[in-house]
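Asker: The structure follows.
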Amino acid sequence: MAKISKNDIAQVKAIGCLHDKNSDDLFNCRVITRNGKITAKECAAIAEAAEKFGSGEVTMTTRMTMEIQGVPFENIQPLRSFLAEFGLETGGTGAKVRPVVSCKGTTCQYGLIDTYDLSMAIHNRFYKGYSNVSLPHKFKIAVGGCPNNCVKPDLNDIGIVGQRKPVIDYTKCRGCKVCQIEKACPINASVLKDGVITFDSDICNSCGRCVNKCPFKAYEDYVDSYKIYIGGRWGKQFARAKALSCNAASSEEVLDIIEKAILLFRENGFKGERFADTVKRIGFENVEKQLLSGDILKRKDEIIAMEISEKK
């Protein structure tokens, strides 16, 4: 077969099929898993597609997609049509919202929030809903269920982390010689002092490990929330995200903040600039102020319609 043209390579890259540089006409096609979870039927369909249209091999990407290897150029469209019969699609490339990465959430012993449910909402509202919206650069989102930070939320453009802060009833603390709360706290934020449990909110990372550990029910109540990091990046250049000064109280609030961040990036980012650089350039405090207000959402249509600025 004739060598594939650069234009053809660029066109299929836009639909998630990346050229294998070791060949003239083979591609690796990324199958989107939505929130990192697929059914047994979908898994079987991906395996069958790999046998029918590719090399028979499937690899996992770091962004929760599954890559069907060794697909000849002429097999790309038949592959996509076959996957579509099972509700699957290829994609996940380009200067736009990328597939969301999620940890196990409440199926993990430490999980505090339903990461799969939130990630599916993010997938539908932003990966799908903004699929035709170009951005200055790629925009990555990660959802972690607890402060163990397994999905590296602070190394993404936006990262969400489940939080559980205890509400202490000091009237029930009996000053036990061996305090179960003190034993349960992995970072020593709760310490027994002068016969009373003391709690350092500056140290506490809201992991929730102390909740329900007191036999006298001093640590029964808690407040769940979502910590949101903005402006992280991992790759050729590194930037650690900063957390917003206040946590989001609901998943709806999280979704609105993500949307405001995407719109802010589109309005203020230069073409080819990562969100971390935009945040640094216009200032974290300025970005946070816009993300915590509702003004930018009122201009959504205007921002989406505008041209992305070239770097000056």
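Convention: chains lettered A, B, ... in structure tokens order; per-chain residue numbering from 1; ligands numbered from 1 as shown.
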Determine, counting only C-alpha atoms, which protein, DNA and RNA residues have an atom within 6 Å of an atom of Ser206 (chain A); residues of the same chain fewer than 2 positions away are not included. Present the result as a list in words.
Answerer: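 The contact residues come out as Gln163, Arg164, Lys165, Cys204 and Gly208 of chain A.
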Asker: When you look at region 8-25 of chain A with a cut-off of 7 Å (counting only C-alpha atoms), what residues show up, excluding the ones that are within fewer than 5 positions of it in the same chain? I need them as a ChimeraX atom specification.
Answerer: /A:3,30,72-73,90-94
Asker: For a quick check of understanding, using only C-alpha atoms, which of A:Asn268, A:Ser5, A:Asn28, A:Thr62 has the smallest distance to Ile304 (chain A)?
Answerer: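 The closest residue to Ile304 (chain A) is A:Asn268.
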Asker: Choose the residue, out of A:Lys280, A:Lys227, A:Arg274, A:Arg125, that has the smallest atom-to-atom separation from Asp157 (chain A); count only C-alpha atoms.
Answerer: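 Nearest to Asp157 (chain A): A:Arg274.
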Asker: By how many Å are CA of Glu285 (chain A) and CA of Glu302 (chain A) apart?
Answerer: 23.6 Å
Asker: With a distance cut-off of 7 Å and only C-alpha atoms, select the neighbouring residues of region 234-245 of chain A, excluding the residue or stretch itself and same-chain residues fewer than 6 positions from it, and output the selection as a ChimeraX atom specification.
Answerer: /A:154-155,227-228,276,288
Asker: Which residues, written as a short mmCIF file (atom, residue, chain, number, x, y, z; two decimals) with N, CA, C and O atoms, in the first residue's frame, have at least one atom at most 7 Å from region 144-148 of chain A, with only C-alpha atoms counted and residues fewer than 3 positions away on the same chain left out?
Answerer:
data_model
loop_
_atom_site.label_atom_id
_atom_site.label_comp_id
_atom_site.auth_asym_id
_atom_site.auth_seq_id
_atom_site.Cartn_x
_atom_site.Cartn_y
_atom_site.Cartn_z
N SER A 102 -10.45 8.84 36.47
CA SER A 102 -11.12 8.64 37.76
C SER A 102 -10.47 7.50 38.53
O SER A 102 -10.03 6.51 37.94
N CYS A 103 -10.41 7.64 39.85
CA CYS A 103 -10.01 6.51 40.69
C CYS A 103 -11.25 5.67 40.99
O CYS A 103 -12.34 5.92 40.48
N GLY A 105 -13.03 5.42 43.66
CA GLY A 105 -14.07 6.02 44.48
C GLY A 105 -14.51 5.14 45.63
O GLY A 105 -13.70 4.57 46.36
N TYR A 110 -10.92 3.61 51.07
CA TYR A 110 -10.69 4.99 51.47
C TYR A 110 -11.58 5.99 50.73
O TYR A 110 -11.57 7.17 51.04
N GLY A 111 -12.32 5.52 49.73
CA GLY A 111 -13.09 6.42 48.89
C GLY A 111 -14.19 7.15 49.63
O GLY A 111 -14.96 6.55 50.38
N LEU A 112 -14.30 8.46 49.39
CA LEU A 112 -15.27 9.30 50.08
C LEU A 112 -16.40 9.77 49.17
O LEU A 112 -17.47 10.13 49.65
N ILE A 113 -16.17 9.79 47.86
CA ILE A 113 -17.19 10.25 46.91
C ILE A 113 -17.33 9.23 45.78
O ILE A 113 -16.42 8.45 45.52
N THR A 115 -16.79 8.61 42.58
CA THR A 115 -16.00 9.19 41.50
C THR A 115 -16.52 8.77 40.13
O THR A 115 -16.43 9.54 39.16
N VAL A 151 -4.88 9.54 41.52
CA VAL A 151 -4.96 9.99 40.12
C VAL A 151 -4.21 11.30 39.89
O VAL A 151 -4.34 11.91 38.84
N PRO A 153 -4.43 14.48 41.13
CA PRO A 153 -5.30 15.61 40.77
C PRO A 153 -4.58 16.94 40.65
O PRO A 153 -4.98 17.80 39.87
N ILE A 160 -10.14 17.11 41.12
CA ILE A 160 -11.17 17.12 42.17
C ILE A 160 -10.84 16.01 43.16
O ILE A 160 -10.53 14.89 42.76
N VAL A 161 -10.93 16.32 44.45
CA VAL A 161 -10.60 15.34 45.50
C VAL A 161 -11.72 15.32 46.53
O VAL A 161 -12.12 16.36 47.07
N GLY A 162 -12.23 14.12 46.82
CA GLY A 162 -13.23 13.96 47.86
C GLY A 162 -12.68 14.30 49.24
O GLY A 162 -11.54 13.96 49.56
N GLN A 163 -13.48 14.97 50.06
CA GLN A 163 -13.07 15.41 51.39
C GLN A 163 -14.12 15.00 52.42
O GLN A 163 -15.33 15.01 52.12
N ASN A 205 -6.13 16.68 56.53
CA ASN A 205 -6.34 16.66 55.07
C ASN A 205 -7.73 16.14 54.69
O ASN A 205 -7.98 15.83 53.53
N CYS A 207 -9.34 13.30 55.30
CA CYS A 207 -9.40 11.95 54.74
C CYS A 207 -10.56 11.14 55.32
O CYS A 207 -10.95 10.11 54.77
#
Asker: Running DSSP on the backbone, which parts of region 83-260 of chain A land in alpha helix (DSSP H), as a ChimeraX atom specification?
Answerer: /A:83-84,115-122,180-184,251-260
Asker: Go through A:Met60, A:Leu26, A:Cys173, A:Val100 and flag the residue nearest Asn75 (chain A), using only C-alpha atoms for the distances.
Answerer: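 Closest to Asn75 (chain A) of all the choices is A:Leu26.
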Asker: Have a look at A:Val167, A:Ile158, A:Ile203, A:Val191 and name the one nearest to Glu259 (chain A); count only C-alpha atoms.
Answerer: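 Among the listed residues, A:Ile158 lies closest to Glu259 (chain A).
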Asker: With distances taken over only C-alpha atoms, which of A:Ala45, A:Val254, A:Ile187, A:Ala305 is nearest to Leu88 (chain A)?
Answerer: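 Residue with the minimum atom-to-atom distance to Leu88 (chain A): A:Ala45.
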Asker: Find the spatial neighbours of Leu297 (chain A), counting only C-alpha atoms, within a cut-off of 8 Å - ignore same-chain residues fewer than 2 positions away - and output them as a ChimeraX atom specification.
Answerer: /A:259-260,263,294-295,299-300
Asker: Please provide as a list in words all residues within 7 Å of Gln69 (chain A), with the sequence filter that same-chain residues fewer than 3 positions apart are discarded (counting only C-alpha atoms).
Answerer: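 Near Gln69 (chain A), the qualifying residues are Phe27, Asn28, Cys29, Gly54, Ser55, Glu57 and Val58 of chain A.
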Asker: Could you save the residues just selected, with N, CA and C atoms, as a PDB file, in the first residue's frame?
Answerer:
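What landed in result_39.pdb:
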ATOM      1  N   PHE A  27      -2.058   2.131  12.607  1.00  0.00           N
ATOM      2  CA  PHE A  27      -2.475   3.138  13.570  1.00  0.00           C
ATOM      3  C   PHE A  27      -2.924   2.463  14.861  1.00  0.00           C
ATOM      4  N   ASN A  28      -2.832   3.208  15.963  1.00  0.00           N
ATOM      5  CA  ASN A  28      -3.323   2.759  17.260  1.00  0.00           C
ATOM      6  C   ASN A  28      -4.536   3.613  17.614  1.00  0.00           C
ATOM      7  N   CYS A  29      -5.685   2.982  17.770  1.00  0.00           N
ATOM      8  CA  CYS A  29      -6.950   3.710  17.913  1.00  0.00           C
ATOM      9  C   CYS A  29      -7.433   3.688  19.361  1.00  0.00           C
ATOM     10  N   GLY A  54      -7.382  -5.020  13.816  1.00  0.00           N
ATOM     11  CA  GLY A  54      -6.032  -4.656  14.227  1.00  0.00           C
ATOM     12  C   GLY A  54      -5.126  -5.853  14.388  1.00  0.00           C
ATOM     13  N   SER A  55      -4.145  -5.708  15.246  1.00  0.00           N
ATOM     14  CA  SER A  55      -3.142  -6.755  15.463  1.00  0.00           C
ATOM     15  C   SER A  55      -3.593  -7.812  16.464  1.00  0.00           C
ATOM     16  N   GLU A  57      -4.000  -6.934  19.602  1.00  0.00           N
ATOM     17  CA  GLU A  57      -3.467  -6.452  20.878  1.00  0.00           C
ATOM     18  C   GLU A  57      -4.181  -5.174  21.314  1.00  0.00           C
ATOM     19  N   VAL A  58      -4.376  -5.044  22.643  1.00  0.00           N
ATOM     20  CA  VAL A  58      -4.992  -3.846  23.226  1.00  0.00           C
ATOM     21  C   VAL A  58      -4.090  -3.361  24.353  1.00  0.00           C
TER      22      VAL A  58
END
Asker: Nearest to Ser119 (chain A): which of A:Gly70, A:Gly283, A:Gly231, A:Gly159 is it, counting only C-alpha atoms?
Answerer: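 Closest to Ser119 (chain A) of all the choices is A:Gly159.
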Asker: Need the shell around Cys185 (chain A): protein/DNA/RNA residues with any atom at most 8 Å away, counting only C-alpha atoms. Skip same-chain ones fewer than 4 positions apart. Format as a PDB file with N, CA and C atoms, in the first residue's frame?
Answerer:
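Done, and the output landed in part_17.pdb:
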ATOM      1  N   ILE A 181      -9.293   7.711  68.225  1.00  0.00           N
ATOM      2  CA  ILE A 181      -9.186   8.755  67.204  1.00  0.00           C
ATOM      3  C   ILE A 181      -7.714   9.067  66.937  1.00  0.00           C
ATOM      4  N   ALA A 189      -3.242  14.706  63.012  1.00  0.00           N
ATOM      5  CA  ALA A 189      -4.006  15.943  63.145  1.00  0.00           C
ATOM      6  C   ALA A 189      -4.831  15.938  64.427  1.00  0.00           C
ATOM      7  N   SER A 190      -5.181  14.754  64.919  1.00  0.00           N
ATOM      8  CA  SER A 190      -5.929  14.616  66.175  1.00  0.00           C
ATOM      9  C   SER A 190      -5.024  14.000  67.229  1.00  0.00           C
ATOM     10  N   ARG A 209     -10.675   9.292  57.937  1.00  0.00           N
ATOM     11  CA  ARG A 209     -10.310   8.010  58.549  1.00  0.00           C
ATOM     12  C   ARG A 209     -10.684   7.941  60.033  1.00  0.00           C
ATOM     13  N   CYS A 210     -10.890   9.103  60.661  1.00  0.00           N
ATOM     14  CA  CYS A 210     -11.198   9.134  62.094  1.00  0.00           C
ATOM     15  C   CYS A 210     -12.690   9.000  62.374  1.00  0.00           C
TER      16      CYS A 210
END
Asker: Between CA of Ala184 (chain A) and CA of Pro215 (chain A), measure the distance and give it in Å to one decimal.
Answerer: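 If I compute the distance from CA of Ala184 (chain A) to CA of Pro215 (chain A), I get 12.3 Å.
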Asker: Could you state the separation of CA of Ile303 (chain A) and CA of Met120 (chain A) in Å, given to one decimal place?
Answerer: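 These atoms are spaced 24.8 Å apart.
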